[in-house]
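**Q** This is the content of model.cif (mmCIF, C-alpha atoms):
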data_protein
loop_
_atom_site.label_atom_id
_atom_site.label_comp_id
_atom_site.auth_asym_id
_atom_site.auth_seq_id
_atom_site.Cartn_x
_atom_site.Cartn_y
_atom_site.Cartn_z
CA MET A 1 -2.76 2.35 -52.38
CA THR A 2 -5.32 3.02 -55.14
CA GLY A 3 -7.47 0.28 -53.62
CA PHE A 4 -7.42 2.11 -50.30
CA ALA A 5 -8.11 5.45 -52.00
CA GLU A 6 -11.17 4.00 -53.73
CA LEU A 7 -12.38 2.46 -50.51
CA ALA A 8 -11.85 5.76 -48.64
CA ALA A 9 -13.80 7.72 -51.25
CA GLY A 10 -16.69 5.24 -51.14
CA PRO A 11 -19.40 4.68 -48.55
CA TRP A 12 -16.85 3.08 -46.20
CA GLY A 13 -14.83 6.31 -45.90
CA SER A 14 -16.40 7.51 -42.68
CA THR A 15 -16.05 4.08 -41.09
CA LEU A 16 -12.36 4.10 -42.01
CA ALA A 17 -11.97 7.59 -40.52
CA ILE A 18 -13.64 6.51 -37.27
CA ALA A 19 -11.45 3.39 -37.18
CA ALA A 20 -8.32 5.53 -37.75
CA MET A 21 -9.31 7.85 -34.87
CA ALA A 22 -10.11 4.87 -32.63
CA ILE A 23 -6.74 3.22 -33.34
CA ALA A 24 -4.81 6.46 -32.71
CA THR A 25 -6.64 6.99 -29.41
CA PHE A 26 -6.23 3.39 -28.24
CA LEU A 27 -2.49 3.51 -28.99
CA CYS A 28 -2.24 6.68 -26.85
CA ARG A 29 -4.14 4.94 -24.05
CA ILE A 30 -1.93 1.81 -23.96
CA ALA A 31 1.45 3.35 -24.90
CA GLY A 32 2.29 4.63 -21.42
CA ALA A 33 1.52 1.31 -19.73
CA VAL A 34 3.40 -0.69 -22.38
CA VAL A 35 6.52 1.46 -22.05
CA MET A 36 6.40 1.39 -18.24
CA SER A 37 6.18 -2.41 -18.22
CA ARG A 38 9.34 -2.63 -20.36
CA VAL A 39 11.59 -0.33 -18.32
CA ALA A 40 12.86 -0.84 -14.77
CA ILE A 41 11.43 1.86 -12.51
CA THR A 42 14.11 3.65 -10.51
CA PRO A 43 13.26 5.48 -7.26
CA ARG A 44 13.85 8.72 -9.13
CA MET A 45 11.28 7.82 -11.80
CA GLU A 46 8.87 6.76 -9.10
CA ARG A 47 9.14 10.19 -7.50
CA GLY A 48 8.47 11.78 -10.87
CA LEU A 49 5.42 9.63 -11.51
CA ARG A 50 4.05 10.33 -8.06
CA ALA A 51 3.99 14.03 -8.98
CA LEU A 52 2.03 13.28 -12.18
CA PRO A 53 -1.64 13.27 -11.06
CA GLY A 54 -1.42 16.68 -9.40
CA SER A 55 0.70 18.00 -12.28
CA ILE A 56 -1.89 16.97 -14.88
CA ILE A 57 -4.65 18.62 -12.86
CA LEU A 58 -2.81 21.91 -12.49
CA ALA A 59 -1.60 21.89 -16.09
CA THR A 60 -5.21 21.43 -17.23
CA ILE A 61 -7.11 23.77 -14.93
CA LEU A 62 -4.75 26.71 -14.52
CA PRO A 63 -4.89 28.00 -18.12
CA MET A 64 -8.65 27.32 -18.29
CA THR A 65 -9.18 29.20 -15.03
CA ILE A 66 -7.13 32.22 -16.06
CA ASP A 67 -8.99 32.34 -19.41
CA ASN A 68 -12.33 32.51 -17.57
CA GLY A 69 -11.18 35.07 -15.00
CA PHE A 70 -12.77 36.05 -11.70
CA PRO A 71 -15.92 33.85 -11.73
CA ALA A 72 -13.83 30.73 -12.41
CA ILE A 73 -11.33 31.54 -9.64
CA VAL A 74 -14.05 32.14 -7.04
CA SER A 75 -16.04 29.01 -7.93
CA ILE A 76 -12.95 26.79 -7.94
CA ALA A 77 -11.97 28.21 -4.55
CA ALA A 78 -15.48 27.46 -3.27
CA GLY A 79 -15.23 23.87 -4.51
CA ILE A 80 -11.82 23.33 -2.90
CA VAL A 81 -12.84 24.84 0.48
CA VAL A 82 -16.00 22.73 0.70
CA MET A 83 -14.05 19.63 -0.32
CA MET A 84 -11.42 20.30 2.38
CA PHE A 85 -14.08 20.31 5.08
CA VAL A 86 -16.55 17.70 3.84
CA ARG A 87 -14.28 15.38 1.82
CA ILE A 88 -17.16 14.44 -0.49
CA GLU A 89 -16.44 15.12 -4.18
CA LEU A 90 -20.09 15.71 -5.09
CA ALA A 91 -20.45 18.32 -2.35
CA GLY A 92 -17.34 20.14 -3.56
CA LEU A 93 -18.53 20.01 -7.16
CA ALA A 94 -21.99 21.27 -6.19
CA ALA A 95 -20.46 24.15 -4.21
CA GLY A 96 -18.29 25.16 -7.15
CA LEU A 97 -21.12 25.00 -9.71
CA GLY A 98 -23.49 26.75 -7.29
CA ALA A 99 -21.02 29.57 -6.71
CA LEU A 100 -20.50 29.95 -10.45
CA SER A 101 -24.20 30.12 -11.34
CA LEU A 102 -24.72 32.60 -8.49
CA ILE A 103 -21.91 34.84 -9.75
CA ARG A 104 -23.31 34.65 -13.31
CA ALA A 105 -26.86 35.30 -12.09
CA LEU A 106 -25.58 38.45 -10.38
CA GLY A 107 -24.33 39.56 -13.76
CA PHE A 108 -20.55 39.19 -13.54
CA MET B 1 -17.67 6.05 -7.12
CA ALA B 2 -18.07 7.49 -10.61
CA LEU B 3 -20.94 9.78 -9.63
CA PRO B 4 -18.96 13.05 -9.31
CA ALA B 5 -17.90 12.71 -12.96
CA PHE B 6 -21.49 12.44 -14.22
CA PRO B 7 -22.27 16.15 -14.78
CA GLY B 8 -19.15 16.69 -16.88
CA PHE B 9 -19.77 13.59 -18.99
CA VAL B 10 -23.43 14.39 -19.65
CA VAL B 11 -22.75 17.99 -20.63
CA PHE B 12 -19.78 17.24 -22.87
CA ALA B 13 -21.33 14.21 -24.61
CA MET B 14 -24.61 16.05 -25.26
CA ALA B 15 -22.69 18.98 -26.69
CA PHE B 16 -20.81 16.58 -28.96
CA GLY B 17 -24.02 14.81 -30.05
CA ALA B 18 -25.65 18.13 -30.91
CA ALA B 19 -22.56 19.39 -32.78
CA ALA B 20 -22.29 16.14 -34.76
CA ALA B 21 -25.96 16.30 -35.80
CA GLN B 22 -25.51 19.91 -36.89
CA LYS B 23 -22.43 18.94 -38.90
CA GLY B 24 -24.53 16.35 -40.77
CA LEU B 25 -23.10 13.14 -39.35
CA SER B 26 -25.39 10.11 -39.32
CA LEU B 27 -26.50 8.67 -35.99
CA GLY B 28 -24.32 5.61 -36.60
CA GLN B 29 -21.22 7.74 -37.23
CA THR B 30 -21.89 9.88 -34.17
CA LEU B 31 -22.38 6.89 -31.87
CA GLY B 32 -19.42 5.12 -33.51
CA LEU B 33 -17.15 8.03 -32.59
CA SER B 34 -18.42 8.11 -29.01
CA ALA B 35 -18.22 4.33 -28.59
CA PHE B 36 -14.85 3.58 -30.16
CA VAL B 37 -12.85 6.80 -29.94
CA TYR B 38 -14.41 7.78 -26.58
CA ALA B 39 -12.35 10.93 -26.01
CA GLY B 40 -14.34 14.15 -25.92
CA ALA B 41 -11.78 16.75 -26.94
CA SER B 42 -10.55 14.71 -29.93
CA GLN B 43 -14.12 13.95 -31.03
CA MET B 44 -14.88 17.69 -31.06
CA VAL B 45 -11.67 18.50 -32.93
CA GLY B 46 -12.38 15.58 -35.28
CA LEU B 47 -15.64 17.27 -36.30
CA GLU B 48 -13.63 20.29 -37.44
CA VAL B 49 -11.76 18.21 -40.02
CA TRP B 50 -14.67 15.85 -40.82
CA GLN B 51 -15.22 15.21 -44.56
CA LYS B 52 -18.19 14.24 -46.71
CA VAL B 53 -15.88 12.32 -49.06
CA TRP B 54 -12.67 10.85 -47.69
CA SER B 55 -9.22 10.30 -49.17
CA PRO B 56 -6.14 8.62 -47.69
CA THR B 57 -4.73 12.08 -46.97
CA THR B 58 -7.78 13.34 -45.05
CA ILE B 59 -7.95 10.08 -43.10
CA LEU B 60 -4.28 10.42 -42.18
CA THR B 61 -4.95 14.03 -41.15
CA ILE B 62 -7.82 13.16 -38.80
CA MET B 63 -5.73 10.32 -37.35
CA THR B 64 -2.79 12.63 -36.66
CA VAL B 65 -4.96 15.35 -35.13
CA THR B 66 -6.59 12.73 -32.88
CA ALA B 67 -3.21 11.38 -31.76
CA VAL B 68 -1.96 14.89 -30.96
CA VAL B 69 -5.04 15.80 -28.90
CA ASN B 70 -4.97 12.48 -27.03
CA ALA B 71 -1.21 12.25 -26.46
CA ARG B 72 -1.78 13.27 -22.82
CA MET B 73 -3.38 9.84 -22.26
CA ILE B 74 0.07 8.26 -22.60
CA LEU B 75 0.83 9.76 -19.20
CA LEU B 76 -2.40 8.46 -17.63
CA GLY B 77 -1.59 4.93 -18.83
CA ALA B 78 1.93 5.20 -17.43
CA THR B 79 0.67 5.88 -13.89
CA LEU B 80 -1.85 3.02 -14.08
CA GLN B 81 0.77 0.43 -15.06
CA PRO B 82 1.93 -0.50 -11.49
CA TRP B 83 -1.71 -1.17 -10.61
CA LEU B 84 -2.50 -3.20 -13.73
CA LYS B 85 0.74 -5.18 -14.11
CA HIS B 86 -0.56 -8.39 -12.49
CA GLU B 87 -3.70 -8.43 -14.61
CA PRO B 88 -4.29 -10.57 -17.72
CA THR B 89 -3.43 -8.60 -20.86
CA ALA B 90 -6.96 -8.62 -22.31
CA ARG B 91 -8.44 -7.18 -19.12
CA SER B 92 -5.75 -4.50 -18.93
CA ALA B 93 -6.41 -3.61 -22.56
CA LEU B 94 -10.11 -3.14 -21.77
CA ASN B 95 -9.29 -1.09 -18.66
CA LEU B 96 -6.94 1.11 -20.68
CA PHE B 97 -9.46 1.49 -23.52
CA LEU B 98 -11.87 2.94 -20.95
CA VAL B 99 -9.33 5.43 -19.51
CA THR B 100 -10.56 9.02 -19.24
CA GLU B 101 -9.16 11.82 -17.09
CA ALA B 102 -12.17 11.75 -14.77
CA GLY B 103 -12.17 7.97 -14.34
CA TRP B 104 -8.42 7.99 -13.88
CA LEU B 105 -8.63 10.68 -11.19
CA ILE B 106 -11.26 8.70 -9.29
CA GLY B 107 -9.16 5.53 -9.65
CA THR B 108 -5.98 7.33 -8.53
CA ARG B 109 -7.68 8.58 -5.39
CA TYR B 110 -8.90 5.06 -4.61
CA TYR B 111 -5.40 3.62 -5.23
CA ASN B 112 -3.71 6.27 -3.05
CA GLU B 113 -6.05 5.36 -0.21
CA GLY B 114 -4.88 1.73 -0.42
CA GLY B 115 -7.45 0.25 -2.82
CA ARG B 116 -6.07 -2.32 -5.27
CA ASN B 117 -9.22 -3.87 -6.78
CA THR B 118 -9.00 -3.29 -10.54
CA GLY B 119 -12.68 -4.22 -10.80
CA MET B 120 -13.40 -0.81 -9.32
CA LEU B 121 -11.51 0.81 -12.21
CA LEU B 122 -13.37 -1.37 -14.72
CA GLY B 123 -16.79 -0.72 -13.18
CA CYS B 124 -16.14 3.00 -13.09
CA GLY B 125 -14.93 2.94 -16.70
CA LEU B 126 -17.91 0.94 -18.00
CA THR B 127 -20.36 3.20 -16.15
CA LEU B 128 -18.85 6.36 -17.60
CA TRP B 129 -18.62 4.84 -21.10
CA SER B 130 -22.33 3.91 -21.05
CA LEU B 131 -23.25 7.36 -19.78
CA TRP B 132 -21.15 8.90 -22.58
CA LEU B 133 -23.05 6.89 -25.22
CA VAL B 134 -26.51 7.61 -23.81
CA SER B 135 -25.73 11.33 -23.49
CA THR B 136 -24.36 11.47 -27.05
CA LEU B 137 -27.61 9.93 -28.27
CA ALA B 138 -29.66 12.42 -26.25
CA GLY B 139 -27.60 15.35 -27.56
CA TYR B 140 -27.94 14.14 -31.17
CA PHE B 141 -31.74 14.28 -31.01
CA ALA B 142 -32.12 17.22 -28.65
CA GLY B 143 -29.92 19.34 -30.94
CA ALA B 144 -30.83 22.97 -30.44
CA LEU B 145 -32.76 22.02 -27.30
CA VAL B 146 -29.50 21.28 -25.46
CA PRO B 147 -29.60 23.98 -22.76
CA GLU B 148 -27.05 26.75 -22.79
CA PRO B 149 -24.40 25.21 -20.48
CA ARG B 150 -23.15 28.61 -19.31
CA ARG B 151 -26.34 29.37 -17.39
CA PHE B 152 -25.71 26.67 -14.80
CA GLY B 153 -21.95 27.06 -14.82
CA LEU B 154 -21.64 23.76 -16.63
CA ASP B 155 -19.02 25.04 -19.08
CA LEU B 156 -16.56 25.06 -16.18
CA VAL B 157 -17.64 21.71 -14.72
CA MET B 158 -14.36 20.08 -15.75
CA PRO B 159 -11.92 22.49 -14.06
CA ILE B 160 -14.13 22.60 -10.93
CA PHE B 161 -14.26 18.79 -10.74
CA PHE B 162 -10.48 18.56 -11.28
CA SER B 163 -9.68 21.06 -8.55
CA VAL B 164 -12.00 19.28 -6.12
CA MET B 165 -10.11 16.04 -6.86
CA LEU B 166 -6.85 17.84 -6.08
CA VAL B 167 -7.77 18.07 -2.38
CA PRO B 168 -7.38 14.35 -1.50
CA LEU B 169 -4.08 14.29 -3.44
CA TRP B 170 -2.64 17.03 -1.21
CA LYS B 171 0.10 15.63 1.04
CA GLY B 172 1.70 18.90 2.15
CA ALA B 173 3.50 21.74 0.38
CA ARG B 174 6.70 19.89 -0.52
CA PRO B 175 5.17 17.09 -2.63
CA ALA B 176 3.05 19.79 -4.32
CA LEU B 177 6.09 21.73 -5.56
CA PRO B 178 6.17 19.86 -8.91
CA TRP B 179 2.48 20.74 -9.38
CA LEU B 180 3.42 24.41 -9.20
CA VAL B 181 6.09 23.86 -11.86
CA ALA B 182 3.51 22.04 -14.01
CA GLY B 183 1.04 24.92 -13.63
CA VAL B 184 3.56 27.62 -14.51
CA VAL B 185 4.87 25.73 -17.56
CA SER B 186 1.35 25.03 -18.83
CA LEU B 187 0.46 28.73 -18.50
CA ILE B 188 3.53 29.71 -20.51
CA VAL B 189 2.90 27.10 -23.23
CA HIS B 190 -0.80 28.03 -23.35
CA ALA B 191 0.10 31.68 -23.89
CA ALA B 192 2.69 30.86 -26.55
CA LEU B 193 1.08 28.08 -28.60
CA PRO B 194 -2.45 27.25 -29.80
CA GLY B 195 -4.01 23.83 -29.17
CA TYR B 196 -3.86 21.39 -26.28
CA GLY B 197 -0.07 21.13 -26.00
CA PHE B 198 -0.09 22.95 -22.66
CA ILE B 199 -1.51 19.96 -20.78
CA ILE B 200 1.20 17.53 -21.80
CA ALA B 201 4.01 20.14 -21.57
CA GLY B 202 2.95 21.12 -18.05
CA ALA B 203 2.48 17.54 -16.89
CA LEU B 204 5.90 16.49 -18.20
CA ALA B 205 7.50 19.50 -16.50
CA GLY B 206 5.85 18.36 -13.25
CA VAL B 207 7.28 14.85 -13.63
CA VAL B 208 10.78 16.20 -14.30
CA ALA B 209 10.48 18.52 -11.29
CA GLY B 210 9.35 15.56 -9.16
CA MET B 211 12.40 13.59 -10.29
CA LEU B 212 14.79 16.43 -9.47
CA ILE B 213 13.36 17.38 -6.07
CA GLU B 214 14.56 14.98 -3.35
#
Please go through the file and, once you have read it, give me the structure as structure tokens.

**A**
Amino acid sequence: MTGFAELAAGPWGSTLAIAAMAIATFLCRIAGAVVMSRVAITPRMERGLRALPGSIILATILPMTIDNGFPAIVSIAAGIVVMMFVRIELAGLAAGLGALSLIRALGF
Amino acid sequence: MALPAFPGFVVFAMAFGAAAAQKGLSLGQTLGLSAFVYAGASQMVGLEVWQKVWSPTTILTIMTVTAVVNARMILLGATLQPWLKHEPTARSALNLFLVTEAGWLIGTRYYNEGGRNTGMLLGCGLTLWSLWLVSTLAGYFAGALVPEPRRFGLDLVMPIFFSVMLVPLWKGARPALPWLVAGVVSLIVHAALPGYGFIIAGALAGVVAGMLIE
């Protein structure tokens, strides 16, 4: 371990830190797929996984939206409404960002 | 296909590049983080615990913090597995290395609409990874010149992009019930605990709800 401690304290320390972060992240990225390939997927699990994309989105955006209050709610609503009618992601995104900069420009 | 994710990637990577330069990281270290870790939130948090001189303990600390912030990616990989299972291992490993929320959302939409070509996932991933590197480089040198993201609403580009991507996933109120559970749980966890735990707690609650609802 002293060898590693010396190496970490030397000029290679930052490289080791970056490597440690990269390994941790890569393991997170592959872990889900590795586990899923080892277990048999029951219909129940399939239902659960089908709910995952929408669940991740809501779990991510809802707290962020509430934290940012009224301007965030209005601009997200604008993005969703435009997306519902046009079905083009870029248009929805532009509508949301446009609404937000407008609200901020008006001083909210 | 990857185009709608561009604004978010550029803004976040430039912010990281500027923050890393300010923190005193070399260009090589900054680009190394963006190229090999390639996960914005953990790169930002990593800067908080970055050291001038390292020890085994501090390296273990930054590794643990990174794993905690990126644990949500386990779920992304799990949903990609049915799509990737017929692929050679090396190619799947590359595809998974390039997984980001934005790329995964675009890929999921494509898959739900019947697409099965994993090359689309790979192309999307490589495009976004290159953009991430270039924007990190730009942010590193632009430093203080990086425009105030708030003025153009770019600080909220991620939640706006995510909610726009929610629209094609909508298949009626019933399949969306677990999403509601996920949202409520994430709000509660966010209010109760600091950090990024709310994403994974909410997402897991959504999966459990999906399993329980017939």

**Q** Find the residues in chain B near chain A: any atom within 6 Å counts, using all atoms listed in the file. Write them as a ChimeraX atom specification.

**A** /B:4,36-37,53-56,59,63,66-67,71,73-75,77-78,81,96,152-153,159-161,164,179,182-183,186-187,199,202-203,206-207,210-211

**Q** Expressed in Å to a single decimal, how great is the separation between atom CA of Val181 of chain B and atom CA of Gly103 of chain B?

**A**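 The value is 24.3 Å.
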
**Q** Pick out the closest residue to Leu204 of chain B from this set: B:Leu60, B:Leu84, B:Leu76, B:Leu137. Count all atoms listed in the file.

**A**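 Once distances to Leu204 of chain B are computed over all atoms listed in the file, the minimum belongs to B:Leu76.
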
**Q** Measure the distance from atom CA of Lys85 of chain B to atom CA of Ala102 of chain B in Å and round it to one decimal.

**A**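 For atom CA of Lys85 of chain B relative to atom CA of Ala102 of chain B, the distance reads 21.3 Å.
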
**Q** Enclose all atoms of segment 53-67 of chain B listed in the file in an axis-aligned box, grow every side by 4 Å, and hand back centre and edge lengths in Å to one decimal, as AutoDock Vina command-line options.

**A**
--center_x -9.3 --center_y 12.0 --center_z -40.5 --size_x 21.1 --size_y 14.7 --size_z 25.4

**Q** Please, what distance in Å, to one decimal, runs between atom CA of Leu98 of chain B and atom CA of Gly143 of chain B?

**A**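 A separation of 26.4 Å between them.
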
**Q** At a cut-off of 12 Å, using all atoms listed in the file, what residues contact segment 132-134 of chain B? Leave out same-chain residues fewer than 3 positions from it and give the result as a ChimeraX atom specification.

**A** /B:5-17,27-28,30-40,98,100,125-129,137-141

**Q** Would you save the residues of that selection, restricted to C-alpha atoms, as a CSV table (one decimal), in the frame of the given file?

**A**
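Wrote selection.csv, looks like this:
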chain,number,residue,atom,x,y,z
B,5,ALA,CA,-17.9,12.7,-13.0
B,6,PHE,CA,-21.5,12.4,-14.2
B,7,PRO,CA,-22.3,16.2,-14.8
B,8,GLY,CA,-19.2,16.7,-16.9
B,9,PHE,CA,-19.8,13.6,-19.0
B,10,VAL,CA,-23.4,14.4,-19.6
B,11,VAL,CA,-22.8,18.0,-20.6
B,12,PHE,CA,-19.8,17.2,-22.9
B,13,ALA,CA,-21.3,14.2,-24.6
B,14,MET,CA,-24.6,16.0,-25.3
B,15,ALA,CA,-22.7,19.0,-26.7
B,16,PHE,CA,-20.8,16.6,-29.0
B,17,GLY,CA,-24.0,14.8,-30.0
B,27,LEU,CA,-26.5,8.7,-36.0
B,28,GLY,CA,-24.3,5.6,-36.6
B,30,THR,CA,-21.9,9.9,-34.2
B,31,LEU,CA,-22.4,6.9,-31.9
B,32,GLY,CA,-19.4,5.1,-33.5
B,33,LEU,CA,-17.2,8.0,-32.6
B,34,SER,CA,-18.4,8.1,-29.0
B,35,ALA,CA,-18.2,4.3,-28.6
B,36,PHE,CA,-14.8,3.6,-30.2
B,37,VAL,CA,-12.8,6.8,-29.9
B,38,TYR,CA,-14.4,7.8,-26.6
B,39,ALA,CA,-12.4,10.9,-26.0
B,40,GLY,CA,-14.3,14.2,-25.9
B,98,LEU,CA,-11.9,2.9,-21.0
B,100,THR,CA,-10.6,9.0,-19.2
B,125,GLY,CA,-14.9,2.9,-16.7
B,126,LEU,CA,-17.9,0.9,-18.0
B,127,THR,CA,-20.4,3.2,-16.2
B,128,LEU,CA,-18.8,6.4,-17.6
B,129,TRP,CA,-18.6,4.8,-21.1
B,137,LEU,CA,-27.6,9.9,-28.3
B,138,ALA,CA,-29.7,12.4,-26.2
B,139,GLY,CA,-27.6,15.4,-27.6
B,140,TYR,CA,-27.9,14.1,-31.2
B,141,PHE,CA,-31.7,14.3,-31.0

**Q** Pick the closest to Met158 of chain B from B:Ile200, B:Lys52, B:Gln43, B:Leu105: which is it, counting only C-alpha atoms?

**A**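 Closest candidate: B:Leu105.
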
**Q** Mind completing segment 18-30 of chain A with N, CA and C atoms? Output as a compact mmCIF listing (two decimals), in the frame of the given file, please?

**A**
# COMPACT_ATOMS: atom_id res chain seq x y z
N ILE A 18 -13.36 6.80 -38.68
CA ILE A 18 -13.64 6.51 -37.27
C ILE A 18 -12.66 5.45 -36.75
N ALA A 19 -12.40 4.43 -37.58
CA ALA A 19 -11.45 3.39 -37.18
C ALA A 19 -10.06 3.99 -36.97
N ALA A 20 -9.64 4.91 -37.87
CA ALA A 20 -8.32 5.53 -37.75
C ALA A 20 -8.23 6.32 -36.45
N MET A 21 -9.31 7.08 -36.12
CA MET A 21 -9.31 7.85 -34.87
C MET A 21 -9.28 6.92 -33.67
N ALA A 22 -10.04 5.81 -33.76
CA ALA A 22 -10.11 4.87 -32.63
C ALA A 22 -8.75 4.23 -32.40
N ILE A 23 -8.06 3.85 -33.49
CA ILE A 23 -6.74 3.22 -33.34
C ILE A 23 -5.75 4.21 -32.72
N ALA A 24 -5.74 5.45 -33.25
CA ALA A 24 -4.81 6.46 -32.71
C ALA A 24 -5.05 6.67 -31.22
N THR A 25 -6.33 6.74 -30.82
CA THR A 25 -6.64 6.99 -29.41
C THR A 25 -6.26 5.79 -28.54
N PHE A 26 -6.56 4.58 -29.04
CA PHE A 26 -6.23 3.39 -28.24
C PHE A 26 -4.72 3.26 -28.05
N LEU A 27 -3.96 3.57 -29.11
CA LEU A 27 -2.49 3.51 -28.99
C LEU A 27 -2.01 4.50 -27.93
N CYS A 28 -2.61 5.71 -27.89
CA CYS A 28 -2.24 6.68 -26.85
C CYS A 28 -2.56 6.11 -25.47
N ARG A 29 -3.71 5.43 -25.36
CA ARG A 29 -4.14 4.94 -24.05
C ARG A 29 -3.21 3.82 -23.54
N ILE A 30 -2.74 2.94 -24.46
CA ILE A 30 -1.93 1.81 -23.96
C ILE A 30 -0.43 2.12 -23.95
